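**Student:** mmCIF, C-alpha atoms, saved as query.cif, coming up:
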data_upload
#
loop_
_atom_site.label_atom_id
_atom_site.label_comp_id
_atom_site.auth_asym_id
_atom_site.auth_seq_id
_atom_site.Cartn_x
_atom_site.Cartn_y
_atom_site.Cartn_z
CA MET Z 1 18.27 -27.40 18.65
CA ALA Z 2 21.41 -26.48 16.72
CA LYS Z 3 22.50 -24.22 19.58
CA ARG Z 4 22.17 -27.20 21.91
CA GLY Z 5 24.42 -29.24 19.62
CA ARG Z 6 21.66 -31.42 18.23
CA PRO Z 7 21.52 -32.10 14.50
CA ALA Z 8 19.05 -29.71 12.89
CA VAL Z 9 18.00 -28.80 9.37
CA LEU Z 10 15.69 -25.93 8.54
CA ILE Z 11 13.15 -26.85 5.87
CA THR Z 12 11.85 -23.76 4.10
CA THR Z 13 10.25 -22.85 0.82
CA THR Z 14 12.07 -20.59 -1.60
CA VAL Z 15 10.00 -17.58 -0.54
CA PHE Z 16 11.13 -17.86 3.09
CA ALA Z 17 14.74 -18.91 2.51
CA GLY Z 18 16.09 -15.39 3.07
CA LEU Z 19 14.10 -15.07 6.27
CA GLY Z 20 15.43 -18.45 7.43
CA THR Z 21 19.01 -17.38 6.80
CA ALA Z 22 18.55 -14.08 8.62
CA VAL Z 23 16.78 -15.58 11.63
CA ALA Z 24 19.38 -18.35 11.92
CA ALA Z 25 22.16 -15.75 11.89
CA ALA Z 26 20.33 -13.52 14.39
CA ASN Z 27 20.01 -16.51 16.71
CA GLY Z 28 23.69 -17.42 16.57
CA VAL Z 29 23.61 -20.32 14.10
CA PRO Z 30 24.52 -18.70 10.77
CA GLU Z 31 25.65 -22.01 9.26
CA LEU Z 32 22.41 -23.84 10.03
CA PRO Z 33 21.84 -26.32 7.18
CA MET Z 34 18.75 -25.60 5.13
CA LEU Z 35 16.64 -27.65 2.78
CA ILE Z 36 14.96 -25.24 0.38
CA VAL Z 37 11.88 -26.53 -1.41
CA PRO Z 38 9.63 -24.87 -4.00
CA HIS Z 39 6.86 -22.53 -2.86
CA PRO Z 40 3.99 -22.98 -2.05
CA LEU Z 41 3.31 -25.90 0.24
CA GLY Z 42 0.19 -24.68 2.04
CA VAL Z 43 -2.43 -25.08 -0.65
CA ARG Z 44 -1.18 -28.27 -2.31
CA PRO Z 45 -3.22 -31.49 -2.01
CA LEU Z 46 -2.19 -33.58 0.97
CA ALA Z 47 -1.40 -36.69 -1.08
CA GLU Z 48 0.88 -34.63 -3.30
CA LEU Z 49 2.58 -33.15 -0.24
CA ARG Z 50 3.16 -36.58 1.26
CA ALA Z 51 4.70 -37.82 -1.98
CA PHE Z 52 6.89 -34.72 -2.11
CA ALA Z 53 8.01 -35.30 1.49
CA ASP Z 54 8.93 -38.92 0.63
CA GLU Z 55 10.86 -37.67 -2.38
CA LYS Z 56 12.84 -35.23 -0.24
CA ALA Z 57 13.43 -37.54 2.72
CA ASP Z 58 16.83 -38.81 1.56
CA GLU Z 59 18.05 -35.29 0.84
CA PHE Z 60 16.87 -34.20 4.27
CA ALA Z 61 18.66 -37.13 5.94
CA ALA Z 62 21.83 -36.31 4.03
CA ARG Z 63 21.74 -32.70 5.18
CA LEU Z 64 21.15 -33.86 8.72
CA ALA Z 65 24.10 -36.24 8.56
CA ALA Z 66 26.40 -33.75 6.85
CA GLY Z 67 28.39 -31.32 8.95
CA GLN Z 68 26.47 -29.49 11.58
CA PRO Z 69 27.53 -26.03 12.65
CA PRO Z 70 29.66 -25.98 15.79
CA PRO Z 71 27.71 -24.98 18.90
CA PRO Z 72 28.16 -21.23 19.50
CA MET M 1 23.16 16.78 9.92
CA SER M 2 26.89 16.43 10.33
CA GLN M 3 27.59 18.63 13.31
CA GLY M 4 27.47 17.84 17.00
CA ARG M 5 26.16 14.31 16.61
CA PRO M 6 25.51 12.34 19.79
CA PRO M 7 28.21 9.87 20.81
CA GLU M 8 28.14 6.54 18.92
CA ALA M 9 25.64 7.82 16.36
CA PRO M 10 26.87 7.15 12.83
CA GLU M 11 27.15 10.31 10.81
CA VAL M 12 25.04 10.69 7.71
CA VAL M 13 25.46 13.79 5.59
CA VAL M 14 22.58 14.78 3.37
CA ASP M 15 21.42 17.94 1.62
CA ASP M 16 19.25 20.28 3.66
CA ASP M 17 16.35 19.74 1.29
CA PRO M 18 13.60 17.64 2.98
CA GLU M 19 13.10 15.70 -0.24
CA ALA M 20 16.78 14.71 -0.23
CA LEU M 21 16.44 13.23 3.26
CA PHE M 22 13.19 11.51 2.30
CA ALA M 23 14.88 9.96 -0.74
CA LEU M 24 17.88 8.85 1.34
CA VAL M 25 15.64 7.23 3.96
CA MET M 26 13.71 5.33 1.32
CA ASP M 27 16.89 4.32 -0.55
CA ARG M 28 18.37 2.88 2.63
CA GLY M 29 15.17 1.01 3.49
CA TRP M 30 14.72 2.97 6.71
CA GLY M 31 11.24 4.36 6.23
CA ASP M 32 7.58 3.49 6.00
CA GLY M 33 6.91 5.35 2.76
CA LEU M 34 5.89 8.61 4.42
CA PRO M 35 8.05 11.73 4.83
CA VAL M 36 10.16 11.93 7.99
CA LEU M 37 11.59 14.65 10.19
CA PRO M 38 15.38 15.03 9.87
CA PRO M 39 17.08 13.39 12.88
CA THR M 40 19.52 16.24 13.37
CA ALA M 41 21.86 16.19 16.33
CA GLU M 42 19.75 18.89 17.99
CA ARG M 43 16.50 16.97 17.62
CA VAL M 44 18.05 13.71 18.82
CA GLU M 45 19.63 15.47 21.80
CA ALA M 46 16.26 17.00 22.68
CA MET M 47 14.68 13.55 22.56
CA LEU M 48 17.44 12.11 24.76
CA ALA M 49 17.00 14.96 27.22
CA ALA M 50 13.43 13.80 27.84
CA THR M 51 14.67 10.70 29.68
CA ASP M 52 17.24 10.10 32.39
CA LEU M 53 18.24 6.84 30.70
CA GLY M 54 21.68 6.90 29.09
CA PRO M 55 21.85 6.85 25.26
CA ASP M 56 23.75 3.57 25.22
CA LEU M 57 21.36 1.74 27.54
CA VAL M 58 19.94 -1.32 25.79
CA LEU M 59 16.16 -1.47 26.17
CA GLY M 60 16.05 -4.95 24.65
CA SER M 61 16.49 -6.78 21.36
CA ILE M 62 13.98 -6.45 18.56
CA ALA M 63 13.26 -9.52 16.45
CA PRO M 64 13.77 -10.90 13.90
CA ARG M 65 17.19 -9.30 13.54
CA ASN M 66 17.56 -9.39 17.33
CA ALA M 67 19.39 -6.08 17.13
CA GLN M 68 19.89 -4.15 20.34
CA ALA M 69 17.50 -1.26 20.77
CA THR M 70 19.54 1.39 22.56
CA VAL M 71 17.93 4.55 23.85
CA LEU M 72 19.85 6.45 21.17
CA LYS M 73 18.63 4.30 18.27
CA VAL M 74 15.07 4.55 19.53
CA ALA M 75 15.45 8.34 19.89
CA VAL M 76 16.51 8.62 16.24
CA ASN M 77 13.42 6.68 15.19
CA ALA M 78 11.22 8.83 17.42
CA VAL M 79 12.56 11.96 15.71
CA LEU M 80 12.04 10.43 12.25
CA ALA M 81 8.44 9.65 13.22
CA GLY M 82 7.73 13.20 14.41
CA CYS M 83 7.40 12.52 18.14
CA ARG M 84 7.63 15.33 20.64
CA PRO M 85 10.40 14.76 23.23
CA GLU M 86 7.95 14.66 26.14
CA GLN M 87 6.32 11.59 24.53
CA PHE M 88 9.64 9.73 24.33
CA PRO M 89 9.19 7.82 27.64
CA VAL M 90 6.04 6.27 26.15
CA VAL M 91 8.06 5.05 23.16
CA ILE M 92 10.72 3.68 25.52
CA ALA M 93 8.16 1.67 27.48
CA ALA M 94 6.66 0.37 24.24
CA ILE M 95 10.05 -0.78 22.97
CA ARG M 96 10.69 -2.61 26.24
CA ALA M 97 7.34 -4.35 25.75
CA ILE M 98 8.03 -5.45 22.19
CA ALA M 99 11.40 -6.87 23.28
CA ASP M 100 9.53 -9.17 25.67
CA PRO M 101 9.34 -12.68 24.13
CA ARG M 102 5.74 -13.09 25.32
CA LEU M 103 4.66 -10.62 22.66
CA ASN M 104 6.26 -12.82 19.98
CA THR M 105 7.57 -9.90 17.97
CA ASN M 106 9.56 -12.40 15.93
CA GLY M 107 6.40 -14.08 14.71
CA ILE M 108 4.49 -10.83 14.27
CA GLN M 109 7.27 -9.29 12.17
CA THR M 110 7.92 -12.27 9.92
CA THR M 111 4.53 -13.91 9.40
CA THR M 112 2.42 -13.88 6.26
CA ASN M 113 -0.48 -12.75 8.50
CA PRO M 114 -1.58 -9.09 8.35
CA VAL M 115 -0.60 -8.49 11.95
CA THR M 116 1.03 -5.53 13.60
CA ILE M 117 1.82 -4.49 17.13
CA ALA M 118 -0.76 -2.11 18.54
CA GLY M 119 -0.71 -0.39 21.88
CA PHE M 120 -2.20 2.09 24.26
CA VAL M 121 -1.13 4.24 27.17
CA SER M 122 -2.93 4.19 30.50
CA GLY M 123 -2.71 6.55 33.47
CA PRO M 124 -2.09 10.27 33.84
CA ALA M 125 0.55 10.32 31.07
CA ALA M 126 -2.25 9.97 28.52
CA ALA M 127 -3.77 13.36 29.29
CA THR M 128 -0.57 15.23 30.13
CA LEU M 129 1.18 14.11 26.95
CA GLY M 130 -1.79 14.82 24.69
CA PHE M 131 -2.92 11.35 23.66
CA ASN M 132 -6.42 10.79 22.31
CA TRP M 133 -8.63 8.27 24.10
CA GLY M 134 -11.89 9.75 22.83
CA ALA M 135 -13.54 10.32 19.47
CA ASN M 136 -11.60 8.81 16.54
CA CYS M 137 -8.87 7.56 18.90
CA LEU M 138 -7.92 4.79 16.46
CA GLY M 139 -7.99 7.21 13.54
CA GLN M 140 -6.03 10.16 12.27
CA GLY M 141 -5.52 13.65 13.60
CA ASN M 142 -3.74 13.38 16.94
CA ARG M 143 0.03 13.87 16.87
CA ALA M 144 0.80 11.83 20.00
CA ASN M 145 -1.20 8.79 18.87
CA ALA M 146 0.08 8.97 15.31
CA THR M 147 3.75 9.62 15.93
CA VAL M 148 4.28 7.38 18.95
CA GLY M 149 2.70 4.52 17.03
CA ARG M 150 4.83 5.37 14.03
CA ALA M 151 8.03 5.57 16.12
CA ILE M 152 7.37 2.05 17.41
CA ARG M 153 6.80 0.81 13.87
CA LEU M 154 9.92 2.53 12.54
CA ALA M 155 11.98 0.95 15.33
CA MET M 156 10.54 -2.45 14.36
CA VAL M 157 11.68 -1.87 10.80
CA ASN M 158 14.96 -0.01 11.30
CA ILE M 159 16.21 -1.89 14.37
CA GLY M 160 14.28 -5.16 14.19
CA GLY M 161 14.60 -5.61 10.44
CA GLY M 162 10.90 -5.92 9.57
CA ILE M 163 11.39 -4.70 6.02
CA PRO M 164 8.57 -5.66 3.64
CA GLY M 165 9.47 -8.39 1.19
CA ASP M 166 12.65 -9.09 3.10
CA LEU M 167 12.13 -10.27 6.68
CA ASP M 168 8.54 -8.99 6.83
CA ARG M 169 6.78 -11.70 4.82
CA ALA M 170 3.20 -10.38 5.08
CA THR M 171 0.96 -11.49 2.25
CA MET M 172 -0.95 -8.18 2.36
CA GLY M 173 -0.21 -6.35 5.59
CA GLN M 174 -2.65 -3.79 6.95
CA PRO M 175 -2.85 -0.02 7.58
CA GLY M 176 -2.02 -0.48 11.27
CA LYS M 177 1.54 -1.21 10.16
CA TYR M 178 2.02 2.54 9.80
CA SER M 179 0.80 3.35 13.30
CA PHE M 180 -1.67 1.85 15.77
CA PHE M 181 -1.57 3.59 19.13
CA PHE M 182 -4.21 5.18 21.36
CA ALA M 183 -5.02 5.81 25.02
CA GLU M 184 -7.35 4.11 27.49
CA ASN M 185 -10.49 6.12 28.21
CA GLU M 186 -10.42 6.05 31.98
CA LEU M 187 -12.53 9.21 32.24
CA ASP M 188 -15.73 7.82 30.73
CA SER M 189 -15.39 4.18 31.70
CA PRO M 190 -17.73 2.80 34.36
CA TRP M 191 -15.10 0.23 35.26
CA PRO M 192 -11.84 0.49 37.19
CA SER M 193 -8.95 1.43 34.91
CA LEU M 194 -6.68 -1.39 33.79
CA LEU M 195 -3.88 -0.12 36.03
CA GLU M 196 -6.20 0.13 39.01
CA ALA M 197 -7.50 -3.38 38.36
CA ALA M 198 -3.92 -4.65 38.13
CA GLY M 199 -3.04 -3.07 41.47
CA ALA M 200 -0.53 -0.62 39.99
CA GLU M 201 0.81 2.20 42.11
CA PRO M 202 -1.73 5.06 42.13
CA GLY M 203 -0.70 7.86 39.79
CA SER M 204 1.56 5.64 37.70
CA SER M 205 1.29 5.24 33.93
CA ALA M 206 1.97 2.31 31.62
CA VAL M 207 1.95 1.17 28.04
CA THR M 208 0.30 -2.07 26.90
CA MET M 209 1.32 -3.59 23.56
CA PHE M 210 -0.47 -6.43 21.78
CA GLY M 211 -0.63 -8.17 18.43
CA ALA M 212 -3.39 -6.81 16.18
CA ALA M 213 -4.57 -8.55 13.02
CA GLY M 214 -7.01 -5.81 12.07
CA THR M 215 -10.08 -4.04 13.37
CA LEU M 216 -13.74 -5.00 13.01
CA ASN M 217 -16.49 -2.57 13.97
CA LEU M 218 -19.50 -3.67 16.02
CA LEU M 219 -22.42 -1.26 15.62
CA GLU M 220 -25.04 -2.17 18.21
CA PRO M 221 -27.51 0.36 19.64
CA THR M 222 -29.21 -2.05 22.07
CA ASP M 223 -29.74 -1.10 25.70
CA SER M 224 -29.65 -4.78 26.69
CA ALA M 225 -26.40 -6.10 28.12
CA GLU M 226 -27.47 -9.64 27.21
CA ASP M 227 -28.09 -8.74 23.57
CA LEU M 228 -24.86 -6.76 23.39
CA LEU M 229 -22.83 -9.65 24.76
CA GLU M 230 -24.44 -12.10 22.36
CA VAL M 231 -23.62 -9.99 19.30
CA MET M 232 -20.10 -9.50 20.60
CA ALA M 233 -19.70 -13.28 20.88
CA ALA M 234 -21.25 -13.76 17.43
CA THR M 235 -18.80 -11.26 15.94
CA MET M 236 -15.84 -13.06 17.43
CA ARG M 237 -16.91 -16.39 15.94
CA PHE M 238 -15.25 -16.78 12.56
CA PRO M 239 -13.29 -19.84 11.50
CA THR M 240 -10.34 -18.09 9.83
CA SER M 241 -9.38 -16.46 13.13
CA ASN M 242 -5.85 -17.19 14.33
CA ASP M 243 -7.13 -16.93 17.89
CA TYR M 244 -9.08 -20.21 17.54
CA MET M 245 -6.20 -21.87 15.75
CA TYR M 246 -3.52 -20.98 18.29
CA ASN M 247 -5.24 -20.37 21.66
CA GLY M 248 -5.29 -16.63 21.23
CA GLU M 249 -5.78 -13.44 23.12
CA PRO M 250 -8.23 -11.24 21.20
CA TRP M 251 -9.05 -7.69 22.26
CA LEU M 252 -12.28 -5.75 22.50
CA ILE M 253 -11.90 -1.99 22.48
CA ILE M 254 -15.24 -1.12 24.04
CA SER M 255 -16.74 2.35 23.74
CA PRO M 256 -17.88 4.09 26.93
CA GLU M 257 -21.53 3.79 25.87
CA HIS M 258 -21.25 0.04 25.37
CA ALA M 259 -19.34 -0.29 28.65
CA GLN M 260 -22.15 1.58 30.39
CA VAL M 261 -24.77 -0.76 28.88
CA LEU M 262 -22.83 -3.71 30.24
CA HIS M 263 -22.29 -2.04 33.62
CA ARG M 264 -25.98 -1.23 33.97
CA GLY M 265 -26.71 -4.85 33.09
CA GLY M 266 -24.85 -6.01 36.17
CA HIS M 267 -21.34 -6.36 34.87
CA VAL M 268 -19.66 -4.28 37.53
CA THR M 269 -16.22 -5.28 36.26
CA PRO M 270 -15.10 -6.65 32.85
CA ALA M 271 -14.53 -10.07 34.45
CA THR M 272 -18.11 -11.28 33.94
CA VAL M 273 -18.05 -9.95 30.37
CA GLN M 274 -14.93 -12.03 29.75
CA GLU M 275 -16.59 -15.08 31.26
CA TYR M 276 -19.72 -14.73 29.10
CA LEU M 277 -17.73 -14.23 25.93
CA TRP M 278 -15.41 -17.12 26.71
CA GLU M 279 -18.40 -19.44 27.12
CA HIS M 280 -20.28 -18.19 24.05
CA ALA M 281 -17.58 -17.27 21.53
CA ARG M 282 -17.01 -20.90 20.64
CA LEU M 283 -17.03 -22.55 17.24
CA PRO M 284 -17.99 -26.15 16.44
CA LEU M 285 -15.04 -28.16 15.18
CA GLY M 286 -16.86 -28.73 11.89
CA GLU M 287 -16.80 -25.00 11.11
CA PHE M 288 -13.09 -25.24 10.34
CA SER M 289 -11.69 -26.74 7.15
CA ALA M 290 -10.45 -30.32 7.41
CA ARG M 291 -6.86 -29.15 7.07
CA VAL M 292 -7.20 -26.51 9.78
CA GLN M 293 -8.87 -29.05 12.05
CA GLU M 294 -6.01 -31.48 11.59
CA TYR M 295 -3.01 -29.17 11.57
CA ARG M 296 -4.09 -26.17 13.66
CA ILE M 297 -7.08 -26.87 15.92
CA ARG M 298 -6.23 -30.39 17.09
CA PRO M 299 -2.51 -29.71 17.78
CA THR M 300 -3.41 -26.58 19.74
CA TRP M 301 -6.38 -27.79 21.73
CA GLU M 302 -6.09 -31.55 22.21
CA PRO M 303 -3.14 -31.25 24.64
CA LEU M 304 -5.35 -28.93 26.73
CA LEU M 305 -8.84 -30.36 26.22
CA GLY M 306 -8.21 -34.00 25.33
CA PRO M 307 -9.34 -35.70 22.10
CA LEU M 308 -11.80 -33.53 20.17
CA THR M 309 -15.02 -35.16 19.04
CA ALA M 310 -16.92 -34.06 15.95
CA ASP M 311 -19.28 -31.92 18.07
CA ALA M 312 -16.50 -30.26 20.09
CA GLN M 313 -16.88 -26.54 20.75
CA ILE M 314 -13.55 -24.77 20.27
CA PRO M 315 -12.79 -21.87 22.61
CA ILE M 316 -11.06 -18.73 21.39
CA SER M 317 -8.65 -18.69 24.33
CA GLU M 318 -7.65 -21.02 27.11
CA LYS M 319 -9.39 -19.07 29.83
CA PRO M 320 -11.80 -16.13 30.19
CA SER M 321 -9.00 -13.70 31.02
CA GLY M 322 -7.55 -14.46 27.58
CA ILE M 323 -10.26 -12.23 26.11
CA ARG M 324 -8.87 -8.76 26.77
CA ILE M 325 -10.92 -5.62 27.25
CA VAL M 326 -10.04 -1.93 27.24
CA VAL M 327 -12.39 1.04 27.14
CA ALA M 328 -11.62 3.72 24.56
CA GLY M 329 -13.39 5.92 22.05
CA GLY M 330 -15.90 8.75 22.10
CA PRO M 331 -19.68 8.97 21.91
CA GLY M 332 -21.42 6.25 19.91
CA THR M 333 -22.59 2.68 20.15
CA HIS M 334 -19.50 1.00 18.72
CA THR M 335 -16.98 -1.52 19.88
CA THR M 336 -13.88 -2.48 17.91
CA TYR M 337 -12.94 -6.15 17.83
CA VAL M 338 -9.23 -6.80 17.34
CA PRO M 339 -8.34 -10.39 16.48
CA THR M 340 -4.70 -11.20 17.10
CA PHE M 341 -1.88 -13.29 15.68
CA GLY M 342 -2.89 -15.98 18.18
CA THR M 343 0.53 -16.90 19.51
CA ASN M 344 1.24 -13.56 21.15
CA ARG M 345 0.44 -12.26 24.63
CA ALA M 346 0.01 -8.60 25.55
CA VAL M 347 2.78 -7.00 27.57
CA THR M 348 2.37 -4.01 29.88
CA GLU M 349 5.39 -1.88 30.74
CA PRO M 350 5.30 0.92 33.33
CA LEU M 351 6.67 4.37 32.55
CA VAL M 352 9.63 4.56 34.91
CA ASP M 353 12.87 6.48 35.38
CA SER M 354 16.36 4.95 35.43
CA ALA M 355 15.87 3.88 39.07
CA GLY M 356 12.61 2.13 38.26
CA ARG M 357 10.46 4.76 39.95
CA PRO M 358 7.15 5.61 38.27
CA LEU M 359 7.23 8.74 36.15
CA ARG M 360 4.68 11.23 37.43
CA TYR M 361 2.49 13.23 35.08
#
Would you mind writing the structure in this file as structure tokens?
**Tutor:**
Amino acid sequence: MAKRGRPAVLITTTVFAGLGTAVAAANGVPELPMLIVPHPLGVRPLAELRAFADEKADEFAARLAAGQPPPP
Amino acid sequence: MSQGRPPEAPEVVVDDDPEALFALVMDRGWGDGLPVLPPTAERVEAMLAATDLGPDLVLGSIAPRNAQATVLKVAVNAVLAGCRPEQFPVVIAAIRAIADPRLNTNGIQTTTNPVTIAGFVSGPAAATLGFNWGANCLGQGNRANATVGRAIRLAMVNIGGGIPGDLDRATMGQPGKYSFFFAENELDSPWPSLLEAAGAEPGSSAVTMFGAAGTLNLLEPTDSAEDLLEVMAATMRFPTSNDYMYNGEPWLIISPEHAQVLHRGGHVTPATVQEYLWEHARLPLGEFSARVQEYRIRPTWEPLLGPLTADAQIPISEKPSGIRIVVAGGPGTHTTYVPTFGTNRAVTEPLVDSAGRPLRY
């Protein structure tokens, strides 16, 4: 999406942040904004996850609105 | 290792002691934890001499780093792994396959799943180059199987960047991440070879690469094709399988004796075996956890099958041909089931020269 000039933010947990950075760079978008959240997500109760998503929504929107990397 | 290096190869100087090289390789994150052969200029040149492809030719990009796999870089990894030069064209074909996006090397390299890329060679190259398709073909002891598989893995690490704990995020991994390569047993199979079935040029050879999340043995001494198929289907049915979650492409490595039981039972080609297994290797929706139903099964299958009711039977793949079959192994009543990553598709690459003509063995 970022390569097509559309606003994009990569949401990743701490454990996968390095992978996210490397894959973004390998795909030509090294400045892709990221929202890094604590690990893990997968085994947490759904209600807790939904509350966490609500809590992070404003931060996500801010990252989306903040500068996007120029299309390569 | 400092003299007469091939063009464009970075020079690395290290003491002549094998342990010094081994330590250097591990320090730089280049290895798999096992000793390597020194990639001296002479050994790399010998590897390059086994192909008419130029050393700078790019075979493809290997994910996740998306680094270009040149013939030279692959040759260095083949030397490190212990390959013989005559086996190098098999490594080249395998690298071309793993650069194909259908195989989803990016996902396979970076996932938490214990998945690796496995492969096999078909056609006359298998015998001429010394590959094992018979007894213990998935195990140890054959240099071609072991070192070609290892060369592919080393290229995935050293070129593609699949370094454990870094870009390789596997929770546990599996032993096939050292090497997982064998040959098709065309000699003892009652069925047409895979290349013959695909309409390949007679006398040609090819490599097929696929995602492998492990191996599961099926011991079944029955002489009944019906019973054998039912236990095969029963073995495939387990709810933590990625193949159900993502519309997969699982593999059955069927021994010649099992293939003969099926052939005698009227399955003159693997197609009817695939059809039976596709119909019977289904799991009720309720067998999956609520979370997997909601976030894996429904998103994968509802666009294809429509809304899933509580009694829905979930297939393992979208169509019968999605259950892949190859005959390999020696005497014995065993088949090996290989579940996959789910979102990968096998890729077959012919062994060809620089003009695209089949290599003859």
**Student:** Nearest residue to Z:Ala25 out of M:Cys83, M:Ala151, M:Leu308, M:Ala63, using all atoms listed in the file?
**Tutor:** M:Ala63
**Student:** Need the shell around M:Leu262: protein/DNA/RNA residues with any atom at most 10 Å away, counting only C-alpha atoms. Skip same-chain ones fewer than 5 positions apart. Format as a list of chain:residue names?
**Tutor:**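 Near M:Leu262, the qualifying residues are M:Pro190, M:Asp223, M:Ser224, M:Ala225, M:Glu226, M:Asp227, M:Leu228, M:Leu229, M:Pro256, M:Glu257, M:His267, M:Val268, M:Thr269, M:Pro270, M:Thr272, M:Val273.
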**Student:** If you count all atoms listed in the file, which residues fall within 8 Å of M:Ile253, apart from same-chain ones fewer than 4 positions away, as a PyMOL selection string?
**Tutor:** chain M and resi 325-328+335-338
**Student:** The PyMOL selection byres ((chain Z) within 9 of (chain M)) - which residues does that actually catch in the file I just gave you? List them as a PDB file with C-alpha atoms, in the frame of the given file.
**Tutor:**
ATOM      1  CA  VAL Z  15      10.000 -17.580  -0.540  1.00  0.00           C
ATOM      2  CA  PHE Z  16      11.130 -17.860   3.090  1.00  0.00           C
ATOM      3  CA  GLY Z  18      16.090 -15.390   3.070  1.00  0.00           C
ATOM      4  CA  LEU Z  19      14.100 -15.070   6.270  1.00  0.00           C
ATOM      5  CA  GLY Z  20      15.430 -18.450   7.430  1.00  0.00           C
ATOM      6  CA  ALA Z  22      18.550 -14.080   8.620  1.00  0.00           C
ATOM      7  CA  VAL Z  23      16.780 -15.580  11.630  1.00  0.00           C
ATOM      8  CA  ALA Z  25      22.160 -15.750  11.890  1.00  0.00           C
ATOM      9  CA  ALA Z  26      20.330 -13.520  14.390  1.00  0.00           C
ATOM     10  CA  ASN Z  27      20.010 -16.510  16.710  1.00  0.00           C
ATOM     11  CA  LEU Z  46      -2.190 -33.580   0.970  1.00  0.00           C
TER      12      LEU Z  46
END
**Student:** Around the point (5.5, -25.5, -0.5) (coordinates from the file), which residues reach within 12 Å if we count all atoms listed in the file? Answer as a count of residues only.
**Tutor:** 24
**Student:** Kindly resolve the PyMOL selection byres ((chain M and resi 128-134) around 7) on the present coordinates and return the residues as a VMD selection string.
**Tutor:** chain M and resid 86 to 87 124 to 127 135 to 137 142 144 to 145 182 to 185 328 to 330 361
**Student:** Report the distance between atom CA of Z:Gly5 and atom CA of Z:Ala24 in Å, rounded to one decimal place.
**Tutor:**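 Going from atom CA of Z:Gly5 over to atom CA of Z:Ala24 covers 14.3 Å.
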**Student:** Kindly indicate which residue among M:Gly162, M:Gly211, M:Gly123, M:Pro250 lies nearest to M:Pro358, using only C-alpha atoms for the distances.
**Tutor:**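 Closest to M:Pro358, using only C-alpha atoms: M:Gly123.
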**Student:** Just say which residues the PyMOL selection byres ((chain Z and resi 59) around 12) picks in this file, as a PyMOL selection string.
**Tutor:** chain Z and resi 9+11+33-37+52-58+60-66
**Student:** Could those selected residues go to a file with C-alpha atoms, as a PDB file, in the frame of the given file?
**Tutor:**
ATOM      1  CA  VAL Z   9      18.000 -28.800   9.370  1.00  0.00           C
ATOM      2  CA  ILE Z  11      13.150 -26.850   5.870  1.00  0.00           C
ATOM      3  CA  PRO Z  33      21.840 -26.320   7.180  1.00  0.00           C
ATOM      4  CA  MET Z  34      18.750 -25.600   5.130  1.00  0.00           C
ATOM      5  CA  LEU Z  35      16.640 -27.650   2.780  1.00  0.00           C
ATOM      6  CA  ILE Z  36      14.960 -25.240   0.380  1.00  0.00           C
ATOM      7  CA  VAL Z  37      11.880 -26.530  -1.410  1.00  0.00           C
ATOM      8  CA  PHE Z  52       6.890 -34.720  -2.110  1.00  0.00           C
ATOM      9  CA  ALA Z  53       8.010 -35.300   1.490  1.00  0.00           C
ATOM     10  CA  ASP Z  54       8.930 -38.920   0.630  1.00  0.00           C
ATOM     11  CA  GLU Z  55      10.860 -37.670  -2.380  1.00  0.00           C
ATOM     12  CA  LYS Z  56      12.840 -35.230  -0.240  1.00  0.00           C
ATOM     13  CA  ALA Z  57      13.430 -37.540   2.720  1.00  0.00           C
ATOM     14  CA  ASP Z  58      16.830 -38.810   1.560  1.00  0.00           C
ATOM     15  CA  PHE Z  60      16.870 -34.200   4.270  1.00  0.00           C
ATOM     16  CA  ALA Z  61      18.660 -37.130   5.940  1.00  0.00           C
ATOM     17  CA  ALA Z  62      21.830 -36.310   4.030  1.00  0.00           C
ATOM     18  CA  ARG Z  63      21.740 -32.700   5.180  1.00  0.00           C
ATOM     19  CA  LEU Z  64      21.150 -33.860   8.720  1.00  0.00           C
ATOM     20  CA  ALA Z  65      24.100 -36.240   8.560  1.00  0.00           C
ATOM     21  CA  ALA Z  66      26.400 -33.750   6.850  1.00  0.00           C
TER      22      ALA Z  66
END
**Student:** Report, in Å to a single decimal, how far apart atom CA of M:His280 and atom CA of M:Asp243 are.
**Tutor:** 14.6 Å
